[in-house]
Amino acid sequence: MKRKFLVGFLSFVVLLILACSIPVATGTEKMTPLRFDTSGDRRSFSGENSCEVVDRVILIIDQDGVATLSTTGPVYVDYINCVLDPSGFEATYTIVGLADPDSKLVTFTSCNDGAFSAEGTISYQNGKPVGNVSCTHSSGSETGNLAIVLWVPSGNP
C-alpha cells in the first residue's frame, strides 16, 4: 500500500515538474529592441523667454514596447540673452512613452519620472526618428507651463 502511494506521489511530482517547465503562450508578441542615436533641437523655456540648442538624442525601445528618449545638452543661466552656463553643465531629460510596432510610432506621456507631463509623438519609420515632444510642468507654481520642446532630428521644427 505504501509502495502504491509512493509511486503515485512521485508520478504526480514528475508530472508537475514537467508541466512547470513547458512554456506557456502569453498571447503578446515581443518587439525587437531598437536604439537610435541622433540629434534634436531643444527649446527650453523660463516663463515667456526661451532659448534653443542642439542636443544629443537617444531613443531606445525595449522588447515590451516601452520607449525611452533621452536628450542631453547645455543649460542656460540667462533666458533673456540665451547665455549658457559657463561651467559647461549639461542637463538630461528622460521622456517615456509606448511604441506601436505596427505604425512604428512612439506616443510619449511622462518626462523626468513624472516631474513633467509629456506630449507628442515620434515616428521611427525607415530607421530614422522624426517628430516632436514637449515636457510641461506638472506641479508647483509653473504647472501647465512648457519646460522644453524637442524636435527630432535637428533642423526639423
# chains A, B, ... in the order shown; residues from 1 in each chain; ligands from 1
$ residues_around --residues "A:Phe36" --least-positions-apart "2" --cutoff "9 Å" --atoms "only C-alpha atoms" --output "JSON, numbers by chain"
{"A": [34, 38, 57, 58, 59, 60, 61, 124, 127, 128, 129]}
$ write_last_selection --atoms "C-alpha atoms" --output "mmCIF file, in the first residue's frame"
data_model
loop_
_atom_site.group_PDB
_atom_site.id
_atom_site.type_symbol
_atom_site.label_atom_id
_atom_site.label_comp_id
_atom_site.auth_asym_id
_atom_site.auth_seq_id
_atom_site.Cartn_x
_atom_site.Cartn_y
_atom_site.Cartn_z
ATOM 1 C CA LEU A 34 15.769 49.209 -31.062
ATOM 2 C CA THR A 38 20.598 61.250 -33.371
ATOM 3 C CA VAL A 57 19.194 62.393 -28.513
ATOM 4 C CA ILE A 58 18.949 58.663 -27.833
ATOM 5 C CA LEU A 59 15.708 56.751 -28.402
ATOM 6 C CA ILE A 60 15.578 53.210 -27.001
ATOM 7 C CA ILE A 61 12.595 50.898 -27.465
ATOM 8 C CA TYR A 124 10.725 55.601 -36.336
ATOM 9 C CA GLY A 127 15.127 53.688 -39.044
ATOM 10 C CA LYS A 128 15.013 57.473 -38.663
ATOM 11 C CA PRO A 129 13.207 59.075 -35.712
#
$ residues_around --residues "A:Val66" --least-positions-apart "3" --cutoff "12 Å" --atoms "only C-alpha atoms" --output "PDB file with all heavy atoms, in the first residue's frame"
ATOM      1  N   LYS A  30       6.650  39.842 -28.570  1.00  0.00           N
ATOM      2  CA  LYS A  30       7.708  40.757 -28.149  1.00  0.00           C
ATOM      3  C   LYS A  30       8.261  41.483 -29.369  1.00  0.00           C
ATOM      4  O   LYS A  30       8.297  40.960 -30.472  1.00  0.00           O
ATOM      5  CB  LYS A  30       8.837  39.995 -27.455  1.00  0.00           C
ATOM      6  CG  LYS A  30       8.405  39.298 -26.189  1.00  0.00           C
ATOM      7  CD  LYS A  30       8.118  40.293 -25.102  1.00  0.00           C
ATOM      8  CE  LYS A  30       7.807  39.577 -23.800  1.00  0.00           C
ATOM      9  NZ  LYS A  30       7.467  40.495 -22.736  1.00  0.00           N
ATOM     10  N   MET A  31       8.678  42.726 -29.143  1.00  0.00           N
ATOM     11  CA  MET A  31       9.280  43.529 -30.198  1.00  0.00           C
ATOM     12  C   MET A  31      10.782  43.285 -30.224  1.00  0.00           C
ATOM     13  O   MET A  31      11.364  42.863 -29.236  1.00  0.00           O
ATOM     14  CB  MET A  31       9.043  45.019 -29.932  1.00  0.00           C
ATOM     15  CG  MET A  31       7.611  45.458 -29.990  1.00  0.00           C
ATOM     16  SD  MET A  31       7.429  47.220 -29.613  1.00  0.00           S
ATOM     17  CE  MET A  31       8.470  47.965 -30.862  1.00  0.00           C
ATOM     18  N   THR A  32      11.380  43.594 -31.341  1.00  0.00           N
ATOM     19  CA  THR A  32      12.833  43.598 -31.426  1.00  0.00           C
ATOM     20  C   THR A  32      13.312  44.906 -30.804  1.00  0.00           C
ATOM     21  O   THR A  32      12.873  45.982 -31.219  1.00  0.00           O
ATOM     22  CB  THR A  32      13.290  43.541 -32.897  1.00  0.00           C
ATOM     23  OG1 THR A  32      12.764  42.353 -33.481  1.00  0.00           O
ATOM     24  CG2 THR A  32      14.798  43.560 -32.999  1.00  0.00           C
ATOM     25  N   PRO A  33      14.173  44.847 -29.790  1.00  0.00           N
ATOM     26  CA  PRO A  33      14.668  46.088 -29.191  1.00  0.00           C
ATOM     27  C   PRO A  33      15.380  46.951 -30.231  1.00  0.00           C
ATOM     28  O   PRO A  33      16.062  46.436 -31.113  1.00  0.00           O
ATOM     29  CB  PRO A  33      15.643  45.601 -28.116  1.00  0.00           C
ATOM     30  CG  PRO A  33      15.200  44.210 -27.814  1.00  0.00           C
ATOM     31  CD  PRO A  33      14.678  43.660 -29.116  1.00  0.00           C
ATOM     32  N   LEU A  34      15.188  48.264 -30.110  1.00  0.00           N
ATOM     33  CA  LEU A  34      15.769  49.209 -31.062  1.00  0.00           C
ATOM     34  C   LEU A  34      16.482  50.329 -30.317  1.00  0.00           C
ATOM     35  O   LEU A  34      16.102  50.689 -29.202  1.00  0.00           O
ATOM     36  CB  LEU A  34      14.673  49.820 -31.938  1.00  0.00           C
ATOM     37  CG  LEU A  34      13.863  48.864 -32.796  1.00  0.00           C
ATOM     38  CD1 LEU A  34      12.646  49.570 -33.374  1.00  0.00           C
ATOM     39  CD2 LEU A  34      14.735  48.325 -33.916  1.00  0.00           C
ATOM     40  N   ARG A  35      17.494  50.900 -30.971  1.00  0.00           N
ATOM     41  CA  ARG A  35      18.193  52.060 -30.429  1.00  0.00           C
ATOM     42  C   ARG A  35      18.525  52.995 -31.588  1.00  0.00           C
ATOM     43  O   ARG A  35      19.055  52.561 -32.615  1.00  0.00           O
ATOM     44  CB  ARG A  35      19.472  51.647 -29.709  1.00  0.00           C
ATOM     45  CG  ARG A  35      20.248  52.850 -29.176  1.00  0.00           C
ATOM     46  CD  ARG A  35      21.580  52.453 -28.592  1.00  0.00           C
ATOM     47  NE  ARG A  35      22.376  53.644 -28.321  1.00  0.00           N
ATOM     48  CZ  ARG A  35      22.768  54.008 -27.114  1.00  0.00           C
ATOM     49  NH1 ARG A  35      22.456  53.282 -26.070  1.00  0.00           N
ATOM     50  NH2 ARG A  35      23.492  55.105 -26.957  1.00  0.00           N
ATOM     51  N   LEU A  59      17.029  57.373 -28.532  1.00  0.00           N
ATOM     52  CA  LEU A  59      15.708  56.751 -28.402  1.00  0.00           C
ATOM     53  C   LEU A  59      15.920  55.250 -28.314  1.00  0.00           C
ATOM     54  O   LEU A  59      16.497  54.646 -29.220  1.00  0.00           O
ATOM     55  CB  LEU A  59      14.818  57.089 -29.602  1.00  0.00           C
ATOM     56  CG  LEU A  59      13.465  56.379 -29.658  1.00  0.00           C
ATOM     57  CD1 LEU A  59      12.596  56.719 -28.460  1.00  0.00           C
ATOM     58  CD2 LEU A  59      12.741  56.734 -30.965  1.00  0.00           C
ATOM     59  N   ILE A  60      15.467  54.647 -27.210  1.00  0.00           N
ATOM     60  CA  ILE A  60      15.578  53.210 -27.001  1.00  0.00           C
ATOM     61  C   ILE A  60      14.182  52.641 -26.822  1.00  0.00           C
ATOM     62  O   ILE A  60      13.396  53.153 -26.019  1.00  0.00           O
ATOM     63  CB  ILE A  60      16.447  52.883 -25.766  1.00  0.00           C
ATOM     64  CG1 ILE A  60      17.877  53.396 -25.982  1.00  0.00           C
ATOM     65  CG2 ILE A  60      16.436  51.382 -25.484  1.00  0.00           C
ATOM     66  CD1 ILE A  60      18.767  53.278 -24.770  1.00  0.00           C
ATOM     67  N   ILE A  61      13.879  51.591 -27.580  1.00  0.00           N
ATOM     68  CA  ILE A  61      12.595  50.898 -27.465  1.00  0.00           C
ATOM     69  C   ILE A  61      12.903  49.471 -27.041  1.00  0.00           C
ATOM     70  O   ILE A  61      13.637  48.765 -27.725  1.00  0.00           O
ATOM     71  CB  ILE A  61      11.818  50.927 -28.789  1.00  0.00           C
ATOM     72  CG1 ILE A  61      11.607  52.377 -29.240  1.00  0.00           C
ATOM     73  CG2 ILE A  61      10.491  50.183 -28.647  1.00  0.00           C
ATOM     74  CD1 ILE A  61      11.065  52.533 -30.639  1.00  0.00           C
ATOM     75  N   ASP A  62      12.348  49.063 -25.885  1.00  0.00           N
ATOM     76  CA  ASP A  62      12.642  47.716 -25.408  1.00  0.00           C
ATOM     77  C   ASP A  62      11.666  46.697 -25.999  1.00  0.00           C
ATOM     78  O   ASP A  62      10.754  47.051 -26.741  1.00  0.00           O
ATOM     79  CB  ASP A  62      12.682  47.655 -23.877  1.00  0.00           C
ATOM     80  CG  ASP A  62      11.325  47.778 -23.201  1.00  0.00           C
ATOM     81  OD1 ASP A  62      10.273  47.670 -23.866  1.00  0.00           O
ATOM     82  OD2 ASP A  62      11.316  47.973 -21.968  1.00  0.00           O
ATOM     83  N   GLN A  63      11.856  45.429 -25.659  1.00  0.00           N
ATOM     84  CA  GLN A  63      11.061  44.355 -26.250  1.00  0.00           C
ATOM     85  C   GLN A  63       9.584  44.423 -25.860  1.00  0.00           C
ATOM     86  O   GLN A  63       8.742  43.824 -26.519  1.00  0.00           O
ATOM     87  CB  GLN A  63      11.639  42.996 -25.875  1.00  0.00           C
ATOM     88  CG  GLN A  63      11.549  42.658 -24.402  1.00  0.00           C
ATOM     89  CD  GLN A  63      12.162  41.318 -24.095  1.00  0.00           C
ATOM     90  OE1 GLN A  63      12.722  40.658 -24.970  1.00  0.00           O
ATOM     91  NE2 GLN A  63      12.065  40.905 -22.848  1.00  0.00           N
ATOM     92  N   LEU A  69      13.285  58.120 -24.402  1.00  0.00           N
ATOM     93  CA  LEU A  69      14.022  59.098 -25.186  1.00  0.00           C
ATOM     94  C   LEU A  69      14.788  59.968 -24.199  1.00  0.00           C
ATOM     95  O   LEU A  69      14.203  60.489 -23.250  1.00  0.00           O
ATOM     96  CB  LEU A  69      13.056  59.952 -26.006  1.00  0.00           C
ATOM     97  CG  LEU A  69      13.702  60.980 -26.916  1.00  0.00           C
ATOM     98  CD1 LEU A  69      12.895  61.104 -28.192  1.00  0.00           C
ATOM     99  CD2 LEU A  69      13.799  62.328 -26.249  1.00  0.00           C
ATOM    100  N   ILE A  95      12.348  61.048 -21.330  1.00  0.00           N
ATOM    101  CA  ILE A  95      10.939  61.085 -21.711  1.00  0.00           C
ATOM    102  C   ILE A  95      10.506  59.662 -22.058  1.00  0.00           C
ATOM    103  O   ILE A  95      11.169  58.986 -22.831  1.00  0.00           O
ATOM    104  CB  ILE A  95      10.733  62.048 -22.901  1.00  0.00           C
ATOM    105  CG1 ILE A  95      11.393  63.404 -22.598  1.00  0.00           C
ATOM    106  CG2 ILE A  95       9.253  62.216 -23.211  1.00  0.00           C
ATOM    107  CD1 ILE A  95      11.550  64.318 -23.782  1.00  0.00           C
ATOM    108  N   VAL A  96       9.391  59.220 -21.467  1.00  0.00           N
ATOM    109  CA  VAL A  96       8.967  57.827 -21.595  1.00  0.00           C
ATOM    110  C   VAL A  96       7.617  57.753 -22.299  1.00  0.00           C
ATOM    111  O   VAL A  96       6.733  58.591 -22.086  1.00  0.00           O
ATOM    112  CB  VAL A  96       8.880  57.159 -20.203  1.00  0.00           C
ATOM    113  CG1 VAL A  96       8.393  55.729 -20.311  1.00  0.00           C
ATOM    114  CG2 VAL A  96      10.229  57.208 -19.514  1.00  0.00           C
ATOM    115  N   GLY A  97       7.477  56.725 -23.123  1.00  0.00           N
ATOM    116  CA  GLY A  97       6.218  56.501 -23.824  1.00  0.00           C
ATOM    117  C   GLY A  97       6.105  55.056 -24.280  1.00  0.00           C
ATOM    118  O   GLY A  97       6.901  54.208 -23.890  1.00  0.00           O
ATOM    119  N   LEU A  98       5.109  54.797 -25.120  1.00  0.00           N
ATOM    120  CA  LEU A  98       4.884  53.456 -25.648  1.00  0.00           C
ATOM    121  C   LEU A  98       4.995  53.466 -27.162  1.00  0.00           C
ATOM    122  O   LEU A  98       4.484  54.362 -27.828  1.00  0.00           O
ATOM    123  CB  LEU A  98       3.504  52.945 -25.248  1.00  0.00           C
ATOM    124  CG  LEU A  98       3.333  52.609 -23.770  1.00  0.00           C
ATOM    125  CD1 LEU A  98       1.896  52.226 -23.477  1.00  0.00           C
ATOM    126  CD2 LEU A  98       4.279  51.489 -23.358  1.00  0.00           C
ATOM    127  N   ALA A  99       5.649  52.436 -27.696  1.00  0.00           N
ATOM    128  CA  ALA A  99       5.827  52.292 -29.139  1.00  0.00           C
ATOM    129  C   ALA A  99       4.781  51.332 -29.688  1.00  0.00           C
ATOM    130  O   ALA A  99       4.478  50.312 -29.072  1.00  0.00           O
ATOM    131  CB  ALA A  99       7.219  51.771 -29.453  1.00  0.00           C
ATOM    132  N   ASP A 100       4.239  51.671 -30.835  1.00  0.00           N
ATOM    133  CA  ASP A 100       3.329  50.792 -31.557  1.00  0.00           C
ATOM    134  C   ASP A 100       4.132  50.156 -32.686  1.00  0.00           C
ATOM    135  O   ASP A 100       4.549  50.848 -33.619  1.00  0.00           O
ATOM    136  CB  ASP A 100       2.156  51.593 -32.125  1.00  0.00           C
ATOM    137  CG  ASP A 100       1.167  50.741 -32.883  1.00  0.00           C
ATOM    138  OD1 ASP A 100       1.533  49.653 -33.384  1.00  0.00           O
ATOM    139  OD2 ASP A 100       0.002  51.164 -32.985  1.00  0.00           O
ATOM    140  N   PRO A 101       4.369  48.836 -32.615  1.00  0.00           N
ATOM    141  CA  PRO A 101       5.220  48.199 -33.623  1.00  0.00           C
ATOM    142  C   PRO A 101       4.599  48.196 -35.021  1.00  0.00           C
ATOM    143  O   PRO A 101       5.329  48.113 -36.009  1.00  0.00           O
ATOM    144  CB  PRO A 101       5.401  46.778 -33.100  1.00  0.00           C
ATOM    145  CG  PRO A 101       4.250  46.549 -32.185  1.00  0.00           C
ATOM    146  CD  PRO A 101       3.879  47.885 -31.626  1.00  0.00           C
ATOM    147  N   LEU A 105       5.268  54.140 -34.299  1.00  0.00           N
ATOM    148  CA  LEU A 105       5.054  55.459 -33.726  1.00  0.00           C
ATOM    149  C   LEU A 105       5.134  55.352 -32.204  1.00  0.00           C
ATOM    150  O   LEU A 105       4.529  54.464 -31.603  1.00  0.00           O
ATOM    151  CB  LEU A 105       3.674  55.983 -34.136  1.00  0.00           C
ATOM    152  CG  LEU A 105       3.371  57.432 -33.827  1.00  0.00           C
ATOM    153  CD1 LEU A 105       4.228  58.353 -34.706  1.00  0.00           C
ATOM    154  CD2 LEU A 105       1.901  57.712 -34.078  1.00  0.00           C
ATOM    155  N   VAL A 106       5.898  56.267 -31.586  1.00  0.00           N
ATOM    156  CA  VAL A 106       6.001  56.323 -30.132  1.00  0.00           C
ATOM    157  C   VAL A 106       5.147  57.482 -29.647  1.00  0.00           C
ATOM    158  O   VAL A 106       5.263  58.604 -30.149  1.00  0.00           O
ATOM    159  CB  VAL A 106       7.460  56.541 -29.671  1.00  0.00           C
ATOM    160  CG1 VAL A 106       7.531  56.658 -28.160  1.00  0.00           C
ATOM    161  CG2 VAL A 106       8.354  55.417 -30.154  1.00  0.00           C
ATOM    162  N   THR A 107       4.283  57.222 -28.671  1.00  0.00           N
ATOM    163  CA  THR A 107       3.477  58.255 -28.039  1.00  0.00           C
ATOM    164  C   THR A 107       4.011  58.454 -26.623  1.00  0.00           C
ATOM    165  O   THR A 107       4.041  57.514 -25.832  1.00  0.00           O
ATOM    166  CB  THR A 107       1.988  57.843 -27.999  1.00  0.00           C
ATOM    167  OG1 THR A 107       1.552  57.590 -29.343  1.00  0.00           O
ATOM    168  CG2 THR A 107       1.139  58.932 -27.372  1.00  0.00           C
ATOM    169  N   PHE A 108       4.425  59.682 -26.319  1.00  0.00           N
ATOM    170  CA  PHE A 108       5.060  59.971 -25.033  1.00  0.00           C
ATOM    171  C   PHE A 108       4.051  60.501 -24.017  1.00  0.00           C
ATOM    172  O   PHE A 108       3.117  61.220 -24.366  1.00  0.00           O
ATOM    173  CB  PHE A 108       6.197  60.981 -25.227  1.00  0.00           C
ATOM    174  CG  PHE A 108       7.326  60.408 -26.025  1.00  0.00           C
ATOM    175  CD1 PHE A 108       7.431  60.637 -27.381  1.00  0.00           C
ATOM    176  CD2 PHE A 108       8.281  59.607 -25.417  1.00  0.00           C
ATOM    177  CE1 PHE A 108       8.462  60.096 -28.130  1.00  0.00           C
ATOM    178  CE2 PHE A 108       9.317  59.044 -26.153  1.00  0.00           C
ATOM    179  CZ  PHE A 108       9.405  59.293 -27.507  1.00  0.00           C
ATOM    180  N   THR A 109       4.286  60.139 -22.727  1.00  0.00           N
ATOM    181  CA  THR A 109       3.345  60.515 -21.665  1.00  0.00           C
ATOM    182  C   THR A 109       4.013  61.097 -20.424  1.00  0.00           C
ATOM    183  O   THR A 109       3.362  61.828 -19.689  1.00  0.00           O
ATOM    184  CB  THR A 109       2.516  59.292 -21.222  1.00  0.00           C
ATOM    185  OG1 THR A 109       3.413  58.253 -20.814  1.00  0.00           O
ATOM    186  CG2 THR A 109       1.633  58.787 -22.346  1.00  0.00           C
ATOM    187  N   SER A 110       5.261  60.768 -20.169  1.00  0.00           N
ATOM    188  CA  SER A 110       5.899  61.182 -18.915  1.00  0.00           C
ATOM    189  C   SER A 110       7.315  61.679 -19.181  1.00  0.00           C
ATOM    190  O   SER A 110       8.007  61.180 -20.066  1.00  0.00           O
ATOM    191  CB  SER A 110       5.937  59.992 -17.952  1.00  0.00           C
ATOM    192  OG  SER A 110       6.609  60.331 -16.768  1.00  0.00           O
TER     193      SER A 110
END
$ select_by_dssp --residues "chain A" --states "strand (DSSP E)" --output "compact mmCIF listing (two decimals) with N, CA and C atoms, in the first residue's frame"
# COMPACT_ATOMS: atom_id res chain seq x y z
N LEU A 34 15.19 48.26 -30.11
CA LEU A 34 15.77 49.21 -31.06
C LEU A 34 16.48 50.33 -30.32
N ARG A 35 17.49 50.90 -30.97
CA ARG A 35 18.19 52.06 -30.43
C ARG A 35 18.52 53.00 -31.59
N PHE A 36 18.24 54.28 -31.39
CA PHE A 36 18.55 55.30 -32.38
C PHE A 36 19.36 56.40 -31.70
N ASP A 37 20.48 56.77 -32.28
CA ASP A 37 21.29 57.88 -31.80
C ASP A 37 21.21 58.98 -32.84
N THR A 38 20.77 60.16 -32.42
CA THR A 38 20.60 61.25 -33.37
C THR A 38 20.79 62.57 -32.63
N SER A 39 20.33 63.65 -33.22
CA SER A 39 20.36 64.95 -32.56
C SER A 39 18.98 65.58 -32.69
N GLY A 40 18.74 66.57 -31.86
CA GLY A 40 17.45 67.24 -31.90
C GLY A 40 17.59 68.69 -31.48
N ASP A 41 16.64 69.51 -31.89
CA ASP A 41 16.61 70.91 -31.49
C ASP A 41 15.73 71.03 -30.26
N ARG A 42 16.34 71.42 -29.13
CA ARG A 42 15.60 71.59 -27.88
C ARG A 42 15.40 73.07 -27.60
N ARG A 43 14.15 73.45 -27.41
CA ARG A 43 13.84 74.81 -26.97
C ARG A 43 13.47 74.72 -25.50
N SER A 44 14.23 75.41 -24.66
CA SER A 44 13.99 75.44 -23.21
C SER A 44 13.30 76.74 -22.85
N PHE A 45 12.38 76.65 -21.90
CA PHE A 45 11.56 77.80 -21.53
C PHE A 45 11.78 78.19 -20.08
N SER A 46 11.73 79.49 -19.84
CA SER A 46 11.70 80.05 -18.50
C SER A 46 10.72 81.21 -18.57
N ASN A 49 10.26 83.52 -21.81
CA ASN A 49 11.50 83.51 -22.58
C ASN A 49 11.90 82.07 -22.93
N SER A 50 12.61 81.93 -24.05
CA SER A 50 13.08 80.60 -24.45
C SER A 50 14.37 80.72 -25.25
N CYS A 51 15.11 79.63 -25.22
CA CYS A 51 16.37 79.54 -25.96
C CYS A 51 16.45 78.17 -26.61
N GLU A 52 17.12 78.10 -27.75
CA GLU A 52 17.21 76.83 -28.49
C GLU A 52 18.65 76.38 -28.61
N VAL A 53 18.83 75.06 -28.53
CA VAL A 53 20.16 74.46 -28.64
C VAL A 53 20.01 73.09 -29.30
N VAL A 54 21.08 72.59 -29.91
CA VAL A 54 21.08 71.25 -30.49
C VAL A 54 21.57 70.28 -29.41
N ASP A 55 20.77 69.23 -29.15
CA ASP A 55 21.07 68.22 -28.13
C ASP A 55 21.39 66.88 -28.76
N ARG A 56 22.13 66.05 -27.99
CA ARG A 56 22.27 64.64 -28.33
C ARG A 56 20.97 63.96 -27.93
N VAL A 57 20.46 63.09 -28.78
CA VAL A 57 19.19 62.39 -28.51
C VAL A 57 19.40 60.90 -28.71
N ILE A 58 18.92 60.12 -27.73
CA ILE A 58 18.95 58.66 -27.83
C ILE A 58 17.53 58.17 -27.60
N LEU A 59 17.03 57.37 -28.53
CA LEU A 59 15.71 56.75 -28.40
C LEU A 59 15.92 55.25 -28.31
N ILE A 60 15.47 54.65 -27.21
CA ILE A 60 15.58 53.21 -27.00
C ILE A 60 14.18 52.64 -26.82
N ILE A 61 13.88 51.59 -27.58
CA ILE A 61 12.60 50.90 -27.47
C ILE A 61 12.90 49.47 -27.04
N VAL A 66 8.24 49.68 -24.49
CA VAL A 66 8.46 50.88 -23.68
C VAL A 66 9.60 51.67 -24.33
N ALA A 67 9.29 52.92 -24.65
CA ALA A 67 10.27 53.78 -25.33
C ALA A 67 10.81 54.80 -24.34
N THR A 68 12.13 54.96 -24.35
CA THR A 68 12.79 55.95 -23.50
C THR A 68 13.62 56.84 -24.41
N LEU A 69 13.28 58.12 -24.40
CA LEU A 69 14.02 59.10 -25.19
C LEU A 69 14.79 59.97 -24.20
N SER A 70 16.08 60.08 -24.38
CA SER A 70 16.86 60.98 -23.53
C SER A 70 17.50 62.04 -24.40
N THR A 71 17.43 63.27 -23.91
CA THR A 71 18.03 64.39 -24.62
C THR A 71 18.96 65.10 -23.65
N THR A 72 20.21 65.29 -24.08
CA THR A 72 21.23 65.86 -23.21
C THR A 72 21.88 67.05 -23.91
N GLY A 73 21.97 68.16 -23.17
CA GLY A 73 22.59 69.34 -23.73
C GLY A 73 22.82 70.40 -22.68
N PRO A 74 23.38 71.53 -23.10
CA PRO A 74 23.75 72.59 -22.16
C PRO A 74 22.53 73.24 -21.50
N TYR A 76 20.94 76.83 -19.76
CA TYR A 76 21.03 78.30 -19.82
C TYR A 76 20.96 78.89 -18.43
N VAL A 77 21.75 79.96 -18.20
CA VAL A 77 21.66 80.70 -16.95
C VAL A 77 20.93 82.02 -17.15
N ASP A 78 20.76 82.41 -18.41
CA ASP A 78 20.05 83.65 -18.74
C ASP A 78 19.18 83.36 -19.96
N VAL A 83 22.22 82.90 -22.56
CA VAL A 83 23.59 82.69 -22.12
C VAL A 83 23.68 81.31 -21.49
N LEU A 84 24.62 80.49 -22.02
CA LEU A 84 24.82 79.14 -21.50
C LEU A 84 25.57 79.18 -20.18
N GLU A 90 25.59 70.18 -18.21
CA GLU A 90 24.57 69.70 -19.14
C GLU A 90 23.44 69.02 -18.37
N ALA A 91 22.25 69.14 -18.89
CA ALA A 91 21.08 68.51 -18.28
C ALA A 91 20.55 67.44 -19.22
N THR A 92 19.95 66.41 -18.63
CA THR A 92 19.32 65.35 -19.41
C THR A 92 17.85 65.26 -19.04
N TYR A 93 17.01 65.27 -20.05
CA TYR A 93 15.59 65.00 -19.87
C TYR A 93 15.36 63.57 -20.34
N THR A 94 14.61 62.80 -19.55
CA THR A 94 14.26 61.44 -19.91
C THR A 94 12.76 61.38 -20.11
N ILE A 95 12.35 61.05 -21.33
CA ILE A 95 10.94 61.08 -21.71
C ILE A 95 10.51 59.66 -22.06
N VAL A 96 9.39 59.22 -21.47
CA VAL A 96 8.97 57.83 -21.60
C VAL A 96 7.62 57.75 -22.30
N GLY A 97 7.48 56.72 -23.12
CA GLY A 97 6.22 56.50 -23.82
C GLY A 97 6.10 55.06 -24.28
N LEU A 98 5.11 54.80 -25.12
CA LEU A 98 4.88 53.46 -25.65
C LEU A 98 5.00 53.47 -27.16
N ALA A 99 5.65 52.44 -27.70
CA ALA A 99 5.83 52.29 -29.14
C ALA A 99 4.78 51.33 -29.69
N ASP A 100 4.24 51.67 -30.83
CA ASP A 100 3.33 50.79 -31.56
C ASP A 100 4.13 50.16 -32.69
N LEU A 105 5.27 54.14 -34.30
CA LEU A 105 5.05 55.46 -33.73
C LEU A 105 5.13 55.35 -32.20
N VAL A 106 5.90 56.27 -31.59
CA VAL A 106 6.00 56.32 -30.13
C VAL A 106 5.15 57.48 -29.65
N THR A 107 4.28 57.22 -28.67
CA THR A 107 3.48 58.26 -28.04
C THR A 107 4.01 58.45 -26.62
N PHE A 108 4.42 59.68 -26.32
CA PHE A 108 5.06 59.97 -25.03
C PHE A 108 4.05 60.50 -24.02
N THR A 109 4.29 60.14 -22.73
CA THR A 109 3.35 60.51 -21.66
C THR A 109 4.01 61.10 -20.42
N SER A 110 5.26 60.77 -20.17
CA SER A 110 5.90 61.18 -18.91
C SER A 110 7.31 61.68 -19.18
N CYS A 111 7.72 62.65 -18.38
CA CYS A 111 9.04 63.25 -18.54
C CYS A 111 9.70 63.36 -17.17
N PHE A 116 7.39 66.08 -14.97
CA PHE A 116 6.73 66.81 -16.05
C PHE A 116 5.80 65.84 -16.76
N SER A 117 4.77 66.37 -17.38
CA SER A 117 3.97 65.52 -18.27
C SER A 117 4.54 65.70 -19.67
N ALA A 118 4.42 64.68 -20.47
CA ALA A 118 4.96 64.73 -21.83
C ALA A 118 3.83 64.57 -22.82
N GLU A 119 4.00 65.20 -23.96
CA GLU A 119 3.02 65.11 -25.03
C GLU A 119 3.75 65.16 -26.35
N GLY A 120 3.38 64.27 -27.26
CA GLY A 120 3.99 64.27 -28.58
C GLY A 120 4.24 62.87 -29.07
N THR A 121 4.60 62.79 -30.34
CA THR A 121 4.88 61.50 -30.97
C THR A 121 6.14 61.60 -31.81
N ILE A 122 6.82 60.48 -31.91
CA ILE A 122 7.99 60.38 -32.79
C ILE A 122 7.84 59.08 -33.57
N SER A 123 7.93 59.18 -34.89
CA SER A 123 7.87 58.03 -35.77
C SER A 123 9.28 57.49 -35.95
N VAL A 130 11.57 60.77 -36.32
CA VAL A 130 11.11 62.08 -36.77
C VAL A 130 9.87 62.44 -35.96
N GLY A 131 9.85 63.67 -35.43
CA GLY A 131 8.68 64.14 -34.70
C GLY A 131 9.07 65.13 -33.63
N ASN A 132 8.13 65.37 -32.70
CA ASN A 132 8.44 66.29 -31.61
C ASN A 132 7.70 65.87 -30.36
N VAL A 133 8.25 66.30 -29.25
CA VAL A 133 7.67 66.00 -27.94
C VAL A 133 7.94 67.20 -27.03
N SER A 134 6.99 67.47 -26.13
CA SER A 134 7.17 68.57 -25.19
C SER A 134 7.00 68.06 -23.77
N CYS A 135 7.68 68.72 -22.84
CA CYS A 135 7.55 68.43 -21.42
C CYS A 135 6.96 69.67 -20.76
N THR A 136 5.90 69.46 -19.99
CA THR A 136 5.17 70.54 -19.33
C THR A 136 5.23 70.33 -17.83
N HIS A 137 5.46 71.41 -17.08
CA HIS A 137 5.48 71.32 -15.62
C HIS A 137 4.15 70.74 -15.13
N LEU A 146 5.32 75.22 -20.30
CA LEU A 146 6.30 74.40 -21.02
C LEU A 146 7.66 74.47 -20.36
N ALA A 147 8.33 73.33 -20.28
CA ALA A 147 9.73 73.28 -19.83
C ALA A 147 10.63 73.19 -21.06
N ILE A 148 10.31 72.23 -21.96
CA ILE A 148 11.07 72.08 -23.19
C ILE A 148 10.16 71.59 -24.31
N VAL A 149 10.60 71.86 -25.53
CA VAL A 149 10.04 71.23 -26.74
C VAL A 149 11.24 70.70 -27.51
N LEU A 150 11.14 69.46 -27.95
CA LEU A 150 12.24 68.82 -28.67
C LEU A 150 11.76 68.38 -30.04
N TRP A 151 12.49 68.82 -31.09
CA TRP A 151 12.22 68.40 -32.46
C TRP A 151 13.31 67.44 -32.89
N VAL A 152 12.93 66.30 -33.43
CA VAL A 152 13.89 65.30 -33.89
C VAL A 152 13.61 65.01 -35.36
$ residues_around --residues "A:Phe89" --least-positions-apart "3" --cutoff "8 Å" --atoms "only C-alpha atoms" --output "VMD selection string"
chain A and resid 74 to 75 85 to 86
$ write_last_selection --atoms "N, CA and C atoms" --output "mmCIF file, in the first residue's frame"
data_model
loop_
_atom_site.group_PDB
_atom_site.id
_atom_site.type_symbol
_atom_site.label_atom_id
_atom_site.label_comp_id
_atom_site.auth_asym_id
_atom_site.auth_seq_id
_atom_site.Cartn_x
_atom_site.Cartn_y
_atom_site.Cartn_z
ATOM 1 N N PRO A 74 23.382 71.528 -23.103
ATOM 2 C CA PRO A 74 23.750 72.586 -22.160
ATOM 3 C C PRO A 74 22.532 73.239 -21.502
ATOM 4 N N VAL A 75 22.813 73.887 -20.370
ATOM 5 C CA VAL A 75 21.796 74.585 -19.588
ATOM 6 C C VAL A 75 22.024 76.085 -19.724
ATOM 7 N N ASP A 85 25.356 78.164 -19.359
ATOM 8 C CA ASP A 85 26.057 78.011 -18.092
ATOM 9 C C ASP A 85 27.554 77.948 -18.393
ATOM 10 N N PRO A 86 28.342 78.888 -17.854
ATOM 11 C CA PRO A 86 29.778 78.915 -18.169
ATOM 12 C C PRO A 86 30.537 77.681 -17.662
#
